[in-house]
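Just structure-v3.txt here, compact mmCIF, C-alpha atoms:
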# COMPACT_ATOMS: atom_id res chain seq x y z
CA MET A 20 112.08 99.55 94.61
CA GLN A 21 108.71 100.65 95.89
CA VAL A 22 105.92 102.78 94.46
CA TYR A 23 103.98 105.15 96.69
CA VAL A 24 100.31 105.90 95.97
CA ILE A 25 98.82 108.70 98.04
CA THR A 26 95.10 109.43 97.84
CA LYS A 27 93.29 112.70 98.39
CA LEU A 28 91.72 111.17 101.52
CA GLY A 29 95.14 110.75 103.13
CA LEU A 30 95.69 107.06 102.46
CA LEU A 31 99.13 105.72 101.62
CA PHE A 32 99.63 102.54 99.60
CA VAL A 33 103.11 101.11 99.05
CA TYR A 34 103.63 98.59 96.24
CA ASP A 35 106.62 96.54 95.16
CA LEU A 36 107.45 97.82 91.69
CA GLU A 37 108.59 94.54 90.14
CA THR A 38 105.66 92.38 91.25
CA ALA A 39 102.99 95.07 91.82
CA THR A 40 102.29 93.48 95.20
CA ALA A 41 100.73 95.66 97.90
CA VAL A 42 103.26 95.85 100.71
CA TYR A 43 101.76 98.44 103.06
CA ARG A 44 98.71 100.66 103.49
CA ASN A 45 97.79 103.18 106.15
CA ARG A 46 96.20 106.59 106.70
CA ILE A 47 98.92 109.23 106.89
CA SER A 48 96.65 112.23 107.44
CA PRO A 49 93.14 112.76 108.81
CA ASP A 50 92.88 115.81 106.56
CA PRO A 51 92.76 115.71 102.75
CA ILE A 52 96.10 115.67 100.91
CA PHE A 53 96.27 118.22 98.14
CA LEU A 54 99.91 117.93 97.06
CA ALA A 55 102.42 115.07 97.01
CA VAL A 56 105.81 114.85 95.37
CA GLY A 57 108.64 112.33 95.33
CA SER A 58 111.81 113.00 97.29
CA PRO A 59 114.80 111.48 95.47
CA SER A 60 117.20 112.52 98.23
CA THR A 61 115.34 110.45 100.86
CA GLY A 62 113.83 107.80 98.59
CA GLY A 63 110.37 108.70 99.88
CA PHE A 64 107.83 111.46 99.36
CA TYR A 65 106.59 114.78 100.71
CA ALA A 66 102.87 115.43 101.06
CA VAL A 67 100.99 118.55 102.19
CA ASN A 68 97.52 118.34 103.72
CA ARG A 69 94.73 120.92 103.99
CA ARG A 70 96.00 122.26 107.35
CA GLY A 71 99.41 122.94 105.83
CA GLN A 72 101.22 120.09 107.52
CA VAL A 73 104.17 118.75 105.54
CA ILE A 74 104.53 114.99 105.78
CA LEU A 75 107.74 113.17 104.86
CA GLY A 76 107.31 109.46 104.24
CA THR A 77 110.06 106.90 103.72
CA VAL A 78 110.46 103.15 104.08
CA ASN A 79 112.43 101.88 107.05
CA GLU A 80 114.80 99.60 105.16
CA VAL A 81 115.91 97.74 108.29
CA THR A 82 112.38 96.51 109.05
CA MET A 83 111.05 96.09 105.51
CA VAL A 84 112.16 92.49 104.88
CA PRO A 85 111.04 91.19 108.32
CA PHE A 86 107.70 93.00 107.84
CA VAL A 87 107.04 91.43 104.44
CA SER A 88 108.03 87.95 105.61
CA GLY A 89 106.27 88.16 108.98
CA GLN A 90 103.17 90.32 108.54
CA LEU A 91 102.47 89.55 104.88
CA GLN A 92 103.67 85.92 105.08
CA ASN A 93 105.34 86.28 101.68
CA LEU A 94 108.83 84.78 101.91
CA GLY A 95 109.44 84.89 98.16
CA LEU A 96 108.71 88.60 98.00
CA ALA A 97 110.81 89.27 101.11
CA LEU A 98 113.80 87.50 99.56
CA ALA A 99 113.34 89.29 96.23
CA ILE A 100 113.14 92.70 97.92
CA ALA A 101 116.20 91.96 100.04
CA LYS A 102 118.25 90.82 97.05
CA ARG A 103 117.18 93.70 94.78
CA GLY A 104 117.70 96.40 97.36
CA ASN A 105 120.62 94.79 99.21
CA LEU A 106 118.55 95.14 102.38
CA PRO A 107 119.29 93.58 105.77
CA GLY A 108 117.00 91.10 107.46
CA ALA A 109 116.99 88.25 104.96
CA GLU A 110 119.91 86.24 106.34
CA ALA A 111 117.67 83.80 108.23
CA LEU A 112 115.28 83.53 105.27
CA VAL A 113 118.09 82.72 102.86
CA GLY A 114 119.43 80.13 105.30
CA GLN A 115 115.99 78.49 105.54
CA GLN A 116 115.61 78.46 101.77
CA PHE A 117 119.08 76.91 101.38
CA GLU A 118 118.30 74.19 103.95
CA GLN A 119 114.96 73.35 102.31
CA LEU A 120 116.49 73.06 98.85
CA PHE A 121 119.42 71.03 100.11
CA ALA A 122 117.19 68.65 102.10
CA SER A 123 114.97 68.07 99.07
CA GLY A 124 117.95 67.17 96.90
CA ALA A 125 117.85 70.32 94.76
CA PHE A 126 121.60 70.81 95.05
CA LYS A 127 121.97 73.07 92.02
CA GLU A 128 119.30 75.50 93.30
CA ALA A 129 120.81 75.37 96.81
CA ALA A 130 124.22 76.22 95.34
CA GLU A 131 122.69 79.18 93.47
CA VAL A 132 121.12 80.46 96.70
CA ALA A 133 124.44 80.06 98.49
CA ALA A 134 126.28 81.88 95.70
CA ASP A 135 123.92 84.86 96.02
CA SER A 136 124.39 85.10 99.79
CA PRO A 137 127.91 85.45 101.20
CA LYS A 138 126.81 84.59 104.75
CA VAL A 139 125.26 81.27 103.70
CA ARG A 140 128.13 80.53 101.32
CA ALA A 141 130.70 81.02 104.06
CA GLY A 142 129.09 78.81 106.68
CA LYS A 143 126.21 76.48 105.98
CA ALA A 144 126.99 75.57 102.38
CA TYR A 145 130.48 74.38 103.25
CA MET A 146 129.26 72.25 106.14
CA TYR A 147 126.36 70.75 104.17
CA VAL A 148 128.53 69.72 101.23
CA HIS A 149 131.07 68.13 103.56
CA SER A 150 128.28 66.23 105.29
CA LEU A 151 127.54 64.51 101.96
CA ARG A 152 131.08 63.25 101.59
CA GLY A 153 130.50 60.01 103.46
CA LYS A 154 126.96 59.47 102.18
CA GLY A 155 127.88 58.84 98.55
CA LYS A 156 125.61 61.56 97.19
CA GLY A 157 128.07 62.49 94.46
CA VAL A 158 127.81 66.26 94.74
CA GLY A 159 130.09 68.06 92.29
CA GLY A 160 131.79 64.97 90.99
CA VAL A 161 131.71 61.19 91.05
CA GLY A 162 131.36 60.13 94.68
CA GLY A 163 132.57 63.35 96.27
CA CYS A 164 132.59 67.11 96.32
CA LYS A 165 135.77 67.74 94.29
CA HIS A 166 134.41 70.54 92.14
CA PHE A 167 132.95 72.69 94.92
CA TRP A 168 135.45 72.58 97.80
CA PRO A 169 138.43 70.45 98.71
CA CYS A 170 137.24 67.31 100.55

So, in terms of C-alpha cells, how does the structure I just supplied come out?
Amino acid sequence: MQVYVITKLGLLFVYDLETATAVYRNRISPDPIFLAVGSPSTGGFYAVNRRGQVILGTVNEVTMVPFVSGQLQNLGLALAIAKRGNLPGAEALVGQQFEQLFASGAFKEAAEVAADSPKVRAGKAYMYVHSLRGKGKGVGGVGGCKHFWPC
C-alpha cells in the first residue's frame, strides 16, 4: 500500500506504507493545490488546483515493481511490494532471488521463496532440486530429495 503526500506547491510524494520509503516524487501542478482527497474507488487521489483543474492520480500497478527495482535499485522493496499487493512484474526478481539463495546453499530460504511464488515453484525449483540428486547434497532427506518431490 502506498501513501500519497501532496503539497500546496503541487508536489506529489509517494511512500511505501510499510517501510516509509520514498518511491516517487514529481510536480503534478504548476499552480498551487488547495484541496486534495483520497479516492477509495480508484486507490488514488483527487486534487484541485488554483485554476480549478481537477487532477486524478493513481499508481500504475503494472509498472510499479519494475520502476522500484530498476529506477530505485531496491530489489528488496520491489519484491515486498509485489508480494503484498499481488502485483505483476516480480517474476524475474523472484527467480533471481531463488537462484542466488540456492547457489549459496541456503536451501531452506530458497524453498520459502519458491513456496511464495507459484511460477518459480512450478519450474525452477523442481529442476534445481533434481539437479542435486546426483551431487549428494542431501536436500530434504539423507542423500536425496525424498521429502520435496519424488526423485

*May I ask which of the residues A:Val78, A:Lys102, A:Pro49, A:Glu118 is the closest one to Phe32 in chain A, counting only C-alpha atoms?*
A:Val78

*In Å, with one decimal, what is the gap from CA of Arg70 in chain A to CA of Tyr34 in chain A?*
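That distance, rounded to one decimal, is 27.2 Å.
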
Can you find the residues with an atom no farther than 7 Å from (110.6, 92.2, 93.9), counting all atoms listed in the file, and report them as a PDB file with C-alpha atoms, in the frame of the given file?
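As a result, out.pdb now contains:
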ATOM      1  CA  ASP A  35     106.620  96.540  95.160  1.00  0.00           C
ATOM      2  CA  LEU A  36     107.450  97.820  91.690  1.00  0.00           C
ATOM      3  CA  GLU A  37     108.590  94.540  90.140  1.00  0.00           C
ATOM      4  CA  THR A  38     105.660  92.380  91.250  1.00  0.00           C
ATOM      5  CA  LEU A  96     108.710  88.600  98.000  1.00  0.00           C
ATOM      6  CA  ALA A  99     113.340  89.290  96.230  1.00  0.00           C
ATOM      7  CA  ILE A 100     113.140  92.700  97.920  1.00  0.00           C
ATOM      8  CA  ARG A 103     117.180  93.700  94.780  1.00  0.00           C
TER       9      ARG A 103
END

*asked:* Could you check the closest approach to Val56 in chain A for each of A:Leu91, A:Tyr23, A:Arg44, A:Ala130 and tell me which residue wins, using only C-alpha atoms?
replied: A:Tyr23

*Please, what distance in Å, to one decimal, runs between CA of Tyr43 in chain A and CA of Asp135 in chain A?*
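Taking CA of Tyr43 in chain A as the start and CA of Asp135 in chain A as the end point, the length is 26.9 Å.
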
*What gap, in Å, lies between CA of Ala41 in chain A and CA of Ser58 in chain A?*
20.6 Å

*Excluding same-chain residues fewer than 5 positions from Thr77 in chain A, what lies within 10 Å of it counting only C-alpha atoms, as a list in words?*
Tyr23, Ser58, Thr61, Gly62, Gly63, Phe64 and Tyr65 of chain A

*Skipping near chain neighbours, those fewer than 6 positions away, what residues fall within 10 Å of range 104-109 of chain A using all atoms listed in the file, listed as a PyMOL selection string?*
chain A and resi 20+80-86+88+94+97-98+115+136

Now that the selection is made, can you save its residues with C-alpha atoms as a compact mmCIF listing (two decimals), in the frame of the given file?
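Saved the output as result21.txt:
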# COMPACT_ATOMS: atom_id res chain seq x y z
CA MET A 20 112.08 99.55 94.61
CA GLU A 80 114.80 99.60 105.16
CA VAL A 81 115.91 97.74 108.29
CA THR A 82 112.38 96.51 109.05
CA MET A 83 111.05 96.09 105.51
CA VAL A 84 112.16 92.49 104.88
CA PRO A 85 111.04 91.19 108.32
CA PHE A 86 107.70 93.00 107.84
CA SER A 88 108.03 87.95 105.61
CA LEU A 94 108.83 84.78 101.91
CA ALA A 97 110.81 89.27 101.11
CA LEU A 98 113.80 87.50 99.56
CA GLN A 115 115.99 78.49 105.54
CA SER A 136 124.39 85.10 99.79

Could you pull range 95-134 of chain A out of the block above and give me N, CA and C atoms, as a CSV table (one decimal), in the first residue's frame?
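In the end it all went to result_5.csv:
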chain,number,residue,atom,x,y,z
A,95,GLY,N,14.8,-5.5,-2.8
A,95,GLY,CA,14.0,-6.0,-1.6
A,95,GLY,C,12.6,-5.3,-1.5
A,96,LEU,N,12.6,-4.0,-1.7
A,96,LEU,CA,11.4,-3.3,-1.7
A,96,LEU,C,10.5,-3.7,-2.8
A,97,ALA,N,11.0,-3.9,-4.0
A,97,ALA,CA,10.2,-4.3,-5.2
A,97,ALA,C,9.6,-5.6,-4.9
A,98,LEU,N,10.3,-6.6,-4.3
A,98,LEU,CA,9.7,-7.9,-4.0
A,98,LEU,C,8.6,-7.8,-2.9
A,99,ALA,N,8.9,-7.0,-1.9
A,99,ALA,CA,7.9,-6.8,-0.8
A,99,ALA,C,6.6,-6.2,-1.4
A,100,ILE,N,6.8,-5.2,-2.2
A,100,ILE,CA,5.6,-4.5,-2.8
A,100,ILE,C,4.8,-5.5,-3.6
A,101,ALA,N,5.5,-6.3,-4.5
A,101,ALA,CA,4.9,-7.2,-5.3
A,101,ALA,C,4.1,-8.3,-4.5
A,102,LYS,N,4.7,-8.8,-3.5
A,102,LYS,CA,4.1,-9.8,-2.7
A,102,LYS,C,2.9,-9.3,-1.9
A,103,ARG,N,3.0,-8.1,-1.3
A,103,ARG,CA,1.9,-7.5,-0.5
A,103,ARG,C,0.7,-7.1,-1.4
A,104,GLY,N,1.0,-6.6,-2.6
A,104,GLY,CA,-0.1,-6.1,-3.4
A,104,GLY,C,-0.5,-7.1,-4.5
A,105,ASN,N,0.2,-8.3,-4.5
A,105,ASN,CA,0.0,-9.2,-5.6
A,105,ASN,C,0.1,-8.6,-7.0
A,106,LEU,N,1.2,-7.8,-7.1
A,106,LEU,CA,1.4,-7.1,-8.4
A,106,LEU,C,2.2,-7.8,-9.4
A,107,PRO,N,2.0,-7.6,-10.6
A,107,PRO,CA,2.9,-8.3,-11.7
A,107,PRO,C,4.2,-7.6,-11.8
A,108,GLY,N,5.2,-8.3,-12.4
A,108,GLY,CA,6.5,-7.7,-12.7
A,108,GLY,C,7.6,-8.2,-11.8
A,109,ALA,N,7.3,-9.1,-10.8
A,109,ALA,CA,8.3,-9.5,-9.9
A,109,ALA,C,8.8,-11.0,-10.3
A,110,GLU,N,8.2,-11.6,-11.3
A,110,GLU,CA,8.6,-12.9,-11.6
A,110,GLU,C,10.1,-13.1,-11.8
A,111,ALA,N,10.7,-12.2,-12.6
A,111,ALA,CA,12.1,-12.4,-12.8
A,111,ALA,C,12.9,-12.1,-11.6
A,112,LEU,N,12.5,-11.2,-10.7
A,112,LEU,CA,13.2,-10.8,-9.5
A,112,LEU,C,13.1,-12.0,-8.5
A,113,VAL,N,12.0,-12.7,-8.4
A,113,VAL,CA,11.8,-13.8,-7.6
A,113,VAL,C,12.7,-15.0,-8.1
A,114,GLY,N,12.8,-15.1,-9.4
A,114,GLY,CA,13.6,-16.2,-9.9
A,114,GLY,C,15.1,-15.9,-9.6
A,115,GLN,N,15.5,-14.7,-9.7
A,115,GLN,CA,16.9,-14.3,-9.4
A,115,GLN,C,17.2,-14.6,-7.9
A,116,GLN,N,16.3,-14.2,-7.1
A,116,GLN,CA,16.5,-14.4,-5.6
A,116,GLN,C,16.5,-15.9,-5.3
A,117,PHE,N,15.7,-16.7,-5.9
A,117,PHE,CA,15.7,-18.1,-5.7
A,117,PHE,C,17.1,-18.7,-6.2
A,118,GLU,N,17.5,-18.3,-7.4
A,118,GLU,CA,18.8,-18.8,-7.9
A,118,GLU,C,20.0,-18.4,-6.9
A,119,GLN,N,20.0,-17.2,-6.4
A,119,GLN,CA,21.1,-16.7,-5.6
A,119,GLN,C,21.1,-17.5,-4.3
A,120,LEU,N,19.9,-17.7,-3.7
A,120,LEU,CA,19.8,-18.5,-2.4
A,120,LEU,C,20.2,-19.9,-2.6
A,121,PHE,N,19.8,-20.5,-3.7
A,121,PHE,CA,20.1,-21.9,-4.0
A,121,PHE,C,21.6,-22.1,-4.2
A,122,ALA,N,22.2,-21.2,-5.0
A,122,ALA,CA,23.6,-21.3,-5.3
A,122,ALA,C,24.5,-21.1,-4.1
A,123,SER,N,24.0,-20.3,-3.1
A,123,SER,CA,24.7,-20.1,-1.9
A,123,SER,C,24.5,-21.2,-0.8
A,124,GLY,N,23.7,-22.1,-1.1
A,124,GLY,CA,23.4,-23.2,-0.2
A,124,GLY,C,22.3,-23.0,0.8
A,125,ALA,N,21.6,-21.9,0.7
A,125,ALA,CA,20.5,-21.5,1.6
A,125,ALA,C,19.3,-22.2,1.1
A,126,PHE,N,19.2,-23.5,1.2
A,126,PHE,CA,18.1,-24.3,0.6
A,126,PHE,C,16.8,-24.0,1.3
A,127,LYS,N,16.8,-23.8,2.6
A,127,LYS,CA,15.5,-23.5,3.3
A,127,LYS,C,14.9,-22.2,2.8
A,128,GLU,N,15.8,-21.2,2.7
A,128,GLU,CA,15.3,-19.9,2.3
A,128,GLU,C,14.8,-19.9,0.8
A,129,ALA,N,15.6,-20.7,0.0
A,129,ALA,CA,15.2,-20.8,-1.4
A,129,ALA,C,13.8,-21.5,-1.5
A,130,ALA,N,13.6,-22.5,-0.7
A,130,ALA,CA,12.3,-23.2,-0.7
A,130,ALA,C,11.2,-22.3,-0.3
A,131,GLU,N,11.5,-21.4,0.7
A,131,GLU,CA,10.4,-20.5,1.1
A,131,GLU,C,10.1,-19.5,0.0
A,132,VAL,N,11.1,-19.0,-0.7
A,132,VAL,CA,10.8,-18.2,-1.9
A,132,VAL,C,10.0,-18.9,-2.9
A,133,ALA,N,10.4,-20.1,-3.2
A,133,ALA,CA,9.6,-20.9,-4.2
A,133,ALA,C,8.2,-21.2,-3.7
A,134,ALA,N,8.0,-21.4,-2.4
A,134,ALA,CA,6.6,-21.6,-1.9
A,134,ALA,C,5.8,-20.4,-2.1
